[in-house]
file work32.cif (mmCIF, C-alpha atoms)
data_coords
loop_
_atom_site.group_PDB
_atom_site.id
_atom_site.type_symbol
_atom_site.label_atom_id
_atom_site.label_comp_id
_atom_site.auth_asym_id
_atom_site.auth_seq_id
_atom_site.Cartn_x
_atom_site.Cartn_y
_atom_site.Cartn_z
ATOM 1 C CA ALA J 1 -1.873 10.964 -5.309
ATOM 2 C CA TYR J 2 1.177 10.237 -7.444
ATOM 3 C CA VAL J 3 -0.435 11.700 -10.561
ATOM 4 C CA ALA J 4 -1.664 14.728 -8.589
ATOM 5 C CA ARG J 5 1.865 15.400 -7.344
ATOM 6 C CA SER J 6 3.184 15.174 -10.908
ATOM 7 C CA LEU J 7 0.500 17.499 -12.264
ATOM 8 C CA LYS J 8 1.141 20.026 -9.496
ATOM 9 C CA THR J 9 4.806 20.060 -10.488
ATOM 10 C CA LEU J 10 3.849 20.721 -14.109
ATOM 11 C CA LEU J 11 0.927 23.103 -13.599
ATOM 12 C CA GLY J 12 1.693 24.719 -10.230
ATOM 13 C CA LYS J 13 -0.922 26.567 -8.198
ATOM 14 C CA ASP J 14 -3.450 26.499 -11.062
ATOM 15 C CA PHE J 15 -3.750 22.743 -10.623
ATOM 16 C CA GLU J 16 -4.341 23.093 -6.885
ATOM 17 C CA LYS J 17 -7.162 25.594 -7.523
ATOM 18 C CA VAL J 18 -9.083 22.789 -9.237
ATOM 19 C CA TYR J 19 -7.811 19.670 -7.437
ATOM 20 C CA GLY J 20 -7.147 21.038 -3.972
ATOM 21 C CA GLU J 21 -3.926 21.180 -1.990
ATOM 22 C CA VAL J 22 -1.325 18.554 -2.823
ATOM 23 C CA ARG J 23 0.921 18.016 0.164
ATOM 24 C CA GLU J 24 4.563 17.154 -0.144
ATOM 25 C CA VAL J 25 6.089 13.934 1.101
ATOM 26 C CA SER J 26 7.838 14.469 4.445
ATOM 27 C CA ALA J 27 11.598 15.037 4.306
ATOM 28 C CA ASP J 28 12.438 11.761 6.068
ATOM 29 C CA LYS J 29 10.211 9.710 3.741
ATOM 30 C CA GLY J 30 11.549 11.593 0.721
ATOM 31 C CA LYS J 31 15.090 10.734 1.801
ATOM 32 C CA LEU J 32 14.121 7.080 2.288
ATOM 33 C CA MET J 33 12.483 7.004 -1.153
ATOM 34 C CA ALA J 34 15.675 8.397 -2.686
ATOM 35 C CA GLN J 35 17.787 5.738 -0.925
ATOM 36 C CA TYR J 36 15.580 2.901 -2.180
ATOM 37 C CA LYS J 37 15.376 4.404 -5.657
ATOM 38 C CA SER J 38 19.184 4.455 -5.864
ATOM 39 C CA LYS J 39 19.197 0.751 -4.965
ATOM 40 C CA ILE J 40 16.740 0.023 -7.781
ATOM 41 C CA PHE J 41 18.937 1.828 -10.293
ATOM 42 C CA SER J 42 22.157 0.253 -9.037
ATOM 43 C CA ALA J 43 24.101 -2.571 -10.678
ATOM 44 C CA ALA J 44 22.776 -4.925 -7.967
ATOM 45 C CA MET J 45 19.316 -4.754 -9.598
ATOM 46 C CA GLU J 46 20.678 -6.802 -12.501
ATOM 47 C CA LYS J 47 20.953 -9.781 -10.111
ATOM 48 C CA ALA J 48 17.386 -9.409 -8.815
ATOM 49 C CA ASP J 49 15.133 -12.386 -9.438
ATOM 50 C CA ALA J 50 11.359 -12.157 -9.870
ATOM 51 C CA SER J 51 10.849 -15.763 -8.728
ATOM 52 C CA ARG J 52 12.595 -15.104 -5.420
ATOM 53 C CA GLY J 53 10.665 -11.837 -5.254
ATOM 54 C CA ARG J 54 7.413 -13.747 -5.549
ATOM 55 C CA VAL J 55 8.315 -15.678 -2.385
ATOM 56 C CA ILE J 56 9.071 -12.409 -0.581
ATOM 57 C CA TYR J 57 5.799 -10.967 -1.866
ATOM 58 C CA GLN J 58 3.938 -13.981 -0.475
ATOM 59 C CA ARG J 59 5.624 -13.460 2.887
ATOM 60 C CA THR J 60 5.227 -9.682 3.170
ATOM 61 C CA CYS J 61 2.401 -8.495 0.900
ATOM 62 C CA ALA J 62 0.046 -11.331 -0.060
ATOM 63 C CA ALA J 63 -1.832 -11.396 3.237
ATOM 64 C CA CYS J 64 -3.432 -8.087 2.203
ATOM 65 C CA HIS J 65 -2.972 -7.668 -1.561
ATOM 66 C CA VAL J 66 -4.071 -9.730 -4.556
ATOM 67 C CA MET J 67 -1.666 -9.944 -7.467
ATOM 68 C CA TYR J 68 -2.198 -12.304 -10.383
ATOM 69 C CA GLY J 69 -5.238 -13.768 -8.647
ATOM 70 C CA GLU J 70 -3.428 -14.719 -5.415
ATOM 71 C CA GLY J 71 -3.546 -13.040 -2.016
ATOM 72 C CA GLY J 72 -5.786 -11.315 0.494
ATOM 73 C CA LYS J 73 -8.443 -8.743 -0.221
ATOM 74 C CA ILE J 74 -7.683 -6.205 2.496
ATOM 75 C CA GLY J 75 -5.585 -3.745 0.477
ATOM 76 C CA PRO J 76 -5.891 -2.680 -3.151
ATOM 77 C CA GLU J 77 -5.535 -5.188 -6.012
ATOM 78 C CA LEU J 78 -2.001 -4.827 -7.366
ATOM 79 C CA THR J 79 -2.206 -6.650 -10.693
ATOM 80 C CA GLY J 80 -3.394 -3.628 -12.651
ATOM 81 C CA SER J 81 -1.715 -0.907 -10.605
ATOM 82 C CA ASN J 82 1.122 1.288 -11.853
ATOM 83 C CA ARG J 83 3.792 -1.081 -10.473
ATOM 84 C CA ALA J 84 6.318 -0.444 -13.252
ATOM 85 C CA ASP J 85 6.696 3.190 -12.134
ATOM 86 C CA VAL J 86 9.371 3.247 -9.430
ATOM 87 C CA ASP J 87 8.243 6.580 -7.933
ATOM 88 C CA TYR J 88 4.620 5.418 -7.704
ATOM 89 C CA LEU J 89 5.658 2.105 -6.176
ATOM 90 C CA LEU J 90 7.994 3.637 -3.589
ATOM 91 C CA LEU J 91 5.530 6.362 -2.585
ATOM 92 C CA ASN J 92 2.815 3.789 -1.893
ATOM 93 C CA VAL J 93 5.080 1.411 0.018
ATOM 94 C CA ILE J 94 7.161 3.923 1.995
ATOM 95 C CA ASP J 95 4.326 6.340 2.746
ATOM 96 C CA PRO J 96 1.106 4.293 2.604
ATOM 97 C CA ASN J 97 -0.668 7.045 4.552
ATOM 98 C CA TYR J 98 0.134 9.769 2.015
ATOM 99 C CA ASP J 99 -3.236 9.463 0.261
ATOM 100 C CA VAL J 100 -5.489 6.644 1.429
ATOM 101 C CA PRO J 101 -8.598 6.002 -0.678
ATOM 102 C CA GLU J 102 -11.818 6.019 1.340
ATOM 103 C CA GLY J 103 -12.366 2.248 1.098
ATOM 104 C CA TYR J 104 -8.932 1.448 2.540
ATOM 105 C CA ARG J 105 -8.949 3.693 5.601
ATOM 106 C CA LEU J 106 -8.682 2.272 9.104
ATOM 107 C CA VAL J 107 -12.035 2.171 10.880
ATOM 108 C CA THR J 108 -12.374 1.779 14.626
ATOM 109 C CA ILE J 109 -15.664 0.823 16.206
ATOM 110 C CA THR J 110 -16.407 0.796 19.918
ATOM 111 C CA SER J 111 -19.338 -1.339 20.958
ATOM 112 C CA LYS J 112 -21.821 -0.315 23.619
ATOM 113 C CA GLY J 113 -20.139 -2.936 25.820
ATOM 114 C CA GLY J 114 -16.743 -1.227 25.442
ATOM 115 C CA GLN J 115 -15.117 -3.675 23.011
ATOM 116 C CA VAL J 116 -12.960 -1.996 20.347
ATOM 117 C CA PHE J 117 -12.746 -3.328 16.790
ATOM 118 C CA ALA J 118 -10.375 -2.063 14.103
ATOM 119 C CA GLY J 119 -10.009 -2.874 10.445
ATOM 120 C CA MET J 120 -11.203 -2.067 6.969
ATOM 121 C CA VAL J 121 -14.907 -2.180 6.129
ATOM 122 C CA ALA J 122 -15.291 -5.256 3.927
ATOM 123 C CA GLU J 123 -19.076 -5.275 3.964
ATOM 124 C CA GLU J 124 -21.869 -3.181 5.395
ATOM 125 C CA ASP J 125 -25.641 -3.265 5.289
ATOM 126 C CA ALA J 126 -28.497 -1.892 7.371
ATOM 127 C CA ASP J 127 -27.886 -4.409 10.175
ATOM 128 C CA LYS J 128 -24.147 -5.079 10.366
ATOM 129 C CA ILE J 129 -20.604 -3.938 9.632
ATOM 130 C CA VAL J 130 -17.914 -6.453 8.699
ATOM 131 C CA LEU J 131 -14.349 -5.352 9.481
ATOM 132 C CA THR J 132 -11.323 -7.238 8.190
ATOM 133 C CA MET J 133 -7.719 -7.239 9.294
ATOM 134 C CA VAL J 134 -4.971 -9.724 8.539
ATOM 135 C CA GLY J 135 -6.243 -13.115 9.669
ATOM 136 C CA GLN J 136 -9.321 -11.699 11.358
ATOM 137 C CA THR J 137 -12.904 -10.779 10.484
ATOM 138 C CA SER J 138 -15.258 -9.069 12.923
ATOM 139 C CA VAL J 139 -19.003 -8.799 12.410
ATOM 140 C CA ILE J 140 -20.564 -6.017 14.487
ATOM 141 C CA ALA J 141 -24.298 -5.454 14.755
ATOM 142 C CA LYS J 142 -25.085 -1.819 13.973
ATOM 143 C CA ALA J 143 -27.415 -1.747 16.980
ATOM 144 C CA ASP J 144 -24.342 -2.477 19.169
ATOM 145 C CA VAL J 145 -22.188 0.386 17.784
ATOM 146 C CA LYS J 146 -21.442 3.152 20.271
ATOM 147 C CA THR J 147 -18.856 5.022 18.151
ATOM 148 C CA ARG J 148 -17.408 4.655 14.695
ATOM 149 C CA VAL J 149 -14.346 6.587 13.582
ATOM 150 C CA THR J 150 -12.766 6.472 10.134
ATOM 151 C CA LEU J 151 -9.126 7.517 10.218
ATOM 152 C CA LYS J 152 -7.189 8.847 7.245
ATOM 153 C CA ILE J 153 -4.547 6.170 7.668
ATOM 154 C CA SER J 154 -3.937 2.862 5.970
ATOM 155 C CA LEU J 155 -3.724 -0.572 7.532
ATOM 156 C CA MET J 156 -0.415 -1.009 5.694
ATOM 157 C CA PRO J 157 2.645 -0.651 7.925
ATOM 158 C CA GLU J 158 5.074 2.135 6.993
ATOM 159 C CA SER J 159 8.256 0.290 7.883
ATOM 160 C CA LEU J 160 7.662 -2.730 5.654
ATOM 161 C CA LEU J 161 10.790 -2.283 3.517
ATOM 162 C CA LEU J 162 13.007 -1.863 6.566
ATOM 163 C CA THR J 163 12.403 -5.537 7.389
ATOM 164 C CA LEU J 164 14.043 -6.635 4.124
ATOM 165 C CA LYS J 165 17.699 -7.108 3.244
ATOM 166 C CA ASP J 166 18.842 -5.250 0.128
ATOM 167 C CA ASN J 167 18.792 -8.360 -2.067
ATOM 168 C CA GLU J 168 15.270 -9.232 -0.822
ATOM 169 C CA PHE J 169 14.094 -5.692 -1.557
ATOM 170 C CA LEU J 170 15.463 -5.846 -5.101
ATOM 171 C CA ASP J 171 13.928 -9.286 -5.698
ATOM 172 C CA LEU J 172 10.566 -7.983 -4.457
ATOM 173 C CA ILE J 173 10.768 -4.927 -6.731
ATOM 174 C CA GLN J 174 11.688 -7.155 -9.661
ATOM 175 C CA TYR J 175 8.589 -9.263 -8.978
ATOM 176 C CA LEU J 176 6.319 -6.256 -8.475
ATOM 177 C CA ARG J 177 7.405 -4.866 -11.845
ATOM 178 C CA THR J 178 6.555 -8.039 -13.768
ATOM 179 C CA GLU J 179 3.860 -8.065 -16.429
ATOM 180 C CA LYS J 180 2.923 -11.715 -15.888
ATOM 181 C CA GLN J 181 3.124 -14.170 -13.014
ATOM 182 C CA ALA J 182 6.679 -15.303 -12.226
ATOM 183 C CA PRO J 183 7.201 -18.986 -11.451
ATOM 184 C CA LEU J 184 8.100 -19.985 -7.926
ATOM 185 C CA PRO J 185 11.805 -20.816 -7.530
ATOM 186 C CA LYS J 186 12.809 -24.452 -7.844
#
call {"tool": "encode", "arguments": {"input": "work32.cif", "output": "structure tokens"}}
result
Amino acid sequence: AYVARSLKTLLGKDFEKVYGEVREVSADKGKLMAQYKSKIFSAAMEKADASRGRVIYQRTCAACHVMYGEGGKIGPELTGSNRADVDYLLLNVIDPNYDVPEGYRLVTITSKGGQVFAGMVAEEDADKIVLTMVGQTSVIAKADVKTRVTLKISLMPESLLLTLKDNEFLDLIQYLRTEKQAPLPK
């Protein structure tokens, strides 16, 4: 999504003829991205600490994302992602629903008995569907599925950064932009 937005800016409507429509980020999310970006490029970023950021990552991100071999496997692996690019990073954290890859979309299943399950499809075969959410795995027999709906939204909460103080945000960004695992603070 980030690359598509960049290419649309460079190539205009010709790019959209091939790729398809590239929607803009909403005004409120664009404003929020600009606010956080200014924090990243402020003098306060010089005091950010990747080790402290690792602790914040463990608290806020690791339940769903693997980075440097640690974490949950609900969201995308972050080790090889484009984490050094501030715009890419902020777009994916502030607007996780902007462009959700098929494998990370929220799936809701209603059983024939009326029970509702929600999560990401972790596994599926001819007999069963395995949905995962933070701290929870549900195995549903396909014979028991009444409805299955795949939504174009992510399991990742949109307001994640709003729970952090400025210094915690900067520490987290410092950690996310590392090229190798940071030690835990002493």
call {"tool": "residues_around", "arguments": {"input": "work32.cif", "residues": "region 165-173 of chain J", "least_positions_apart": "5", "cutoff": "8 Å", "atoms": "all atoms listed in the file", "output": "ChimeraX atom specification"}}
result
/J:39-40,44-45,48-54,56-57
call {"tool": "resolve_selection", "arguments": {"input": "work32.cif", "expression": "the PyMOL selection byres ((chain J and resi 32) around 12)", "output": "PyMOL selection string"}}
result
chain J and resi 25-31+33-39+87+90-91+93-95+158-159+161-162
call {"tool": "axis_aligned_box", "arguments": {"input": "work32.cif", "around": "region 142-152 of chain J", "padding_each_side": "6 Å", "output": "AutoDock Vina command-line options"}}
result
--center_x -17.3 --center_y 3.2 --center_z 13.8 --size_x 32.2 --size_y 23.3 --size_z 25.0
call {"tool": "closest_residue", "arguments": {"input": "work32.cif", "among": "J:Asn97, J:Thr178, J:Thr79, J:Thr147", "to": "Lys112 (chain J)", "atoms": "only C-alpha atoms"}}
result
J:Thr147
call {"tool": "closest_atom_pairs", "arguments": {"input": "work32.cif", "of": "region 130-152 of chain J", "to": "region 113-122 of chain J", "cutoff": "9 Å", "atoms": "all atoms listed in the file", "output": "JSON lines"}}
result
{"residue": "J:Val130", "atom": "CA", "partner": "J:Ala122", "partner_atom": "CA", "distance": 5.6}
{"residue": "J:Leu131", "atom": "CA", "partner": "J:Val121", "partner_atom": "CA", "distance": 4.6}
{"residue": "J:Thr132", "atom": "CA", "partner": "J:Gly119", "partner_atom": "CA", "distance": 5.1}
{"residue": "J:Met133", "atom": "CA", "partner": "J:Gly119", "partner_atom": "CA", "distance": 5.1}
{"residue": "J:Val134", "atom": "CA", "partner": "J:Gly119", "partner_atom": "CA", "distance": 8.7}
{"residue": "J:Gln136", "atom": "CA", "partner": "J:Gly119", "partner_atom": "CA", "distance": 8.9}
{"residue": "J:Thr137", "atom": "CA", "partner": "J:Gly119", "partner_atom": "CA", "distance": 8.4}
{"residue": "J:Ser138", "atom": "CA", "partner": "J:Phe117", "partner_atom": "CA", "distance": 7.4}
{"residue": "J:Ile140", "atom": "CA", "partner": "J:Phe117", "partner_atom": "CA", "distance": 8.6}
{"residue": "J:Asp144", "atom": "CA", "partner": "J:Gly113", "partner_atom": "CA", "distance": 7.9}
{"residue": "J:Val145", "atom": "CA", "partner": "J:Gly113", "partner_atom": "CA", "distance": 8.9}
{"residue": "J:Lys146", "atom": "CA", "partner": "J:Gly114", "partner_atom": "CA", "distance": 8.2}
call {"tool": "closest_residue", "arguments": {"input": "work32.cif", "among": "J:Thr150, J:Gly80, J:Val86, J:Gly135", "to": "Ala62 (chain J)", "atoms": "all atoms listed in the file"}}
result
J:Gly135
call {"tool": "resolve_selection", "arguments": {"input": "work32.cif", "expression": "the PyMOL selection byres ((chain J and resi 66) around 8)", "output": "VMD selection string"}}
result
chain J and resid 62 64 to 65 67 to 73 75 to 79
call {"tool": "atom_distance", "arguments": {"input": "work32.cif", "atom1": "CA of Leu106 (chain J)", "atom2": "CA of Leu176 (chain J)"}}
result
24.6 Å
call {"tool": "atom_distance", "arguments": {"input": "work32.cif", "atom1": "CA of Arg177 (chain J)", "atom2": "CA of Ser154 (chain J)"}}
result
22.5 Å
call {"tool": "closest_residue", "arguments": {"input": "work32.cif", "among": "J:Asp125, J:Lys17, J:Pro96, J:Val55", "to": "Lys186 (chain J)", "atoms": "only C-alpha atoms"}}
result
J:Val55
call {"tool": "atom_distance", "arguments": {"input": "work32.cif", "atom1": "CA of Ile129 (chain J)", "atom2": "CA of Ala141 (chain J)"}}
result
6.5 Å
call {"tool": "resolve_selection", "arguments": {"input": "work32.cif", "expression": "the PyMOL selection byres ((chain J and resi 153) around 10)", "output": "PyMOL selection string"}}
result
chain J and resi 96-102+104-107+150-152+154-157
call {"tool": "closest_residue", "arguments": {"input": "work32.cif", "among": "J:Gly12, J:Ala63, J:Lys47, J:Ala84", "to": "Glu179 (chain J)", "atoms": "only C-alpha atoms"}}
result
J:Ala84
call {"tool": "decode", "arguments": {"input": "work32.cif", "residues": "region 69-95 of chain J", "atoms": "N, CA and C atoms", "output": "PDB file, in the first residue's frame"}}
result
ATOM      1  N   GLY J  69      12.755 -13.077  15.967  1.00  0.00           N
ATOM      2  CA  GLY J  69      12.465 -14.421  16.456  1.00  0.00           C
ATOM      3  C   GLY J  69      11.601 -14.496  17.699  1.00  0.00           C
ATOM      4  N   GLU J  70      11.140 -13.354  18.217  1.00  0.00           N
ATOM      5  CA  GLU J  70      10.318 -13.342  19.431  1.00  0.00           C
ATOM      6  C   GLU J  70       8.950 -12.734  19.134  1.00  0.00           C
ATOM      7  N   GLY J  71       7.909 -13.332  19.705  1.00  0.00           N
ATOM      8  CA  GLY J  71       6.576 -12.747  19.599  1.00  0.00           C
ATOM      9  C   GLY J  71       5.552 -13.705  19.042  1.00  0.00           C
ATOM     10  N   GLY J  72       4.331 -13.190  18.897  1.00  0.00           N
ATOM     11  CA  GLY J  72       3.202 -13.985  18.426  1.00  0.00           C
ATOM     12  C   GLY J  72       3.089 -13.981  16.918  1.00  0.00           C
ATOM     13  N   LYS J  73       2.391 -14.958  16.406  1.00  0.00           N
ATOM     14  CA  LYS J  73       2.278 -15.120  14.955  1.00  0.00           C
ATOM     15  C   LYS J  73       0.865 -14.819  14.465  1.00  0.00           C
ATOM     16  N   ILE J  74       0.289 -13.732  14.961  1.00  0.00           N
ATOM     17  CA  ILE J  74      -1.040 -13.330  14.515  1.00  0.00           C
ATOM     18  C   ILE J  74      -0.916 -12.297  13.389  1.00  0.00           C
ATOM     19  N   GLY J  75      -0.071 -11.306  13.588  1.00  0.00           N
ATOM     20  CA  GLY J  75       0.155 -10.280  12.567  1.00  0.00           C
ATOM     21  C   GLY J  75       1.407 -10.592  11.769  1.00  0.00           C
ATOM     22  N   PRO J  76       1.717  -9.739  10.808  1.00  0.00           N
ATOM     23  CA  PRO J  76       2.896  -9.965   9.964  1.00  0.00           C
ATOM     24  C   PRO J  76       4.206  -9.966  10.757  1.00  0.00           C
ATOM     25  N   GLU J  77       5.163 -10.734  10.270  1.00  0.00           N
ATOM     26  CA  GLU J  77       6.543 -10.750  10.791  1.00  0.00           C
ATOM     27  C   GLU J  77       7.127  -9.363  10.537  1.00  0.00           C
ATOM     28  N   LEU J  78       7.760  -8.779  11.539  1.00  0.00           N
ATOM     29  CA  LEU J  78       8.279  -7.423  11.400  1.00  0.00           C
ATOM     30  C   LEU J  78       9.779  -7.359  11.131  1.00  0.00           C
ATOM     31  N   THR J  79      10.499  -8.428  11.363  1.00  0.00           N
ATOM     32  CA  THR J  79      11.954  -8.373  11.240  1.00  0.00           C
ATOM     33  C   THR J  79      12.386  -7.861   9.871  1.00  0.00           C
ATOM     34  N   GLY J  80      11.811  -8.355   8.820  1.00  0.00           N
ATOM     35  CA  GLY J  80      12.235  -7.967   7.481  1.00  0.00           C
ATOM     36  C   GLY J  80      11.399  -6.875   6.844  1.00  0.00           C
ATOM     37  N   SER J  81      10.469  -6.296   7.586  1.00  0.00           N
ATOM     38  CA  SER J  81       9.617  -5.264   6.986  1.00  0.00           C
ATOM     39  C   SER J  81      10.384  -3.956   6.817  1.00  0.00           C
ATOM     40  N   ASN J  82       9.759  -2.994   6.220  1.00  0.00           N
ATOM     41  CA  ASN J  82      10.374  -1.701   5.908  1.00  0.00           C
ATOM     42  C   ASN J  82      10.320  -0.753   7.114  1.00  0.00           C
ATOM     43  N   ARG J  83      10.768  -1.224   8.273  1.00  0.00           N
ATOM     44  CA  ARG J  83      10.624  -0.478   9.526  1.00  0.00           C
ATOM     45  C   ARG J  83      11.447   0.793   9.599  1.00  0.00           C
ATOM     46  N   ALA J  84      12.490   0.922   8.801  1.00  0.00           N
ATOM     47  CA  ALA J  84      13.324   2.121   8.847  1.00  0.00           C
ATOM     48  C   ALA J  84      12.629   3.322   8.192  1.00  0.00           C
ATOM     49  N   ASP J  85      11.634   3.061   7.358  1.00  0.00           N
ATOM     50  CA  ASP J  85      10.911   4.122   6.663  1.00  0.00           C
ATOM     51  C   ASP J  85       9.792   4.636   7.565  1.00  0.00           C
ATOM     52  N   VAL J  86       9.927   5.853   8.025  1.00  0.00           N
ATOM     53  CA  VAL J  86       8.987   6.449   8.978  1.00  0.00           C
ATOM     54  C   VAL J  86       7.565   6.492   8.414  1.00  0.00           C
ATOM     55  N   ASP J  87       7.413   6.873   7.153  1.00  0.00           N
ATOM     56  CA  ASP J  87       6.071   6.967   6.559  1.00  0.00           C
ATOM     57  C   ASP J  87       5.411   5.589   6.499  1.00  0.00           C
ATOM     58  N   TYR J  88       6.161   4.593   6.096  1.00  0.00           N
ATOM     59  CA  TYR J  88       5.650   3.216   6.032  1.00  0.00           C
ATOM     60  C   TYR J  88       5.227   2.751   7.426  1.00  0.00           C
ATOM     61  N   LEU J  89       6.090   2.979   8.383  1.00  0.00           N
ATOM     62  CA  LEU J  89       5.843   2.553   9.762  1.00  0.00           C
ATOM     63  C   LEU J  89       4.591   3.225  10.326  1.00  0.00           C
ATOM     64  N   LEU J  90       4.502   4.543  10.180  1.00  0.00           N
ATOM     65  CA  LEU J  90       3.355   5.270  10.722  1.00  0.00           C
ATOM     66  C   LEU J  90       2.050   4.897  10.027  1.00  0.00           C
ATOM     67  N   LEU J  91       2.083   4.728   8.699  1.00  0.00           N
ATOM     68  CA  LEU J  91       0.871   4.336   7.990  1.00  0.00           C
ATOM     69  C   LEU J  91       0.340   3.011   8.535  1.00  0.00           C
ATOM     70  N   ASN J  92       1.225   2.046   8.722  1.00  0.00           N
ATOM     71  CA  ASN J  92       0.788   0.719   9.164  1.00  0.00           C
ATOM     72  C   ASN J  92       0.348   0.680  10.617  1.00  0.00           C
ATOM     73  N   VAL J  93       0.877   1.558  11.446  1.00  0.00           N
ATOM     74  CA  VAL J  93       0.492   1.567  12.856  1.00  0.00           C
ATOM     75  C   VAL J  93      -0.748   2.449  13.078  1.00  0.00           C
ATOM     76  N   ILE J  94      -0.792   3.608  12.453  1.00  0.00           N
ATOM     77  CA  ILE J  94      -1.902   4.530  12.665  1.00  0.00           C
ATOM     78  C   ILE J  94      -3.150   4.104  11.895  1.00  0.00           C
ATOM     79  N   ASP J  95      -2.952   3.556  10.708  1.00  0.00           N
ATOM     80  CA  ASP J  95      -4.105   3.131   9.902  1.00  0.00           C
ATOM     81  C   ASP J  95      -3.925   1.677   9.464  1.00  0.00           C
TER      82      ASP J  95
END
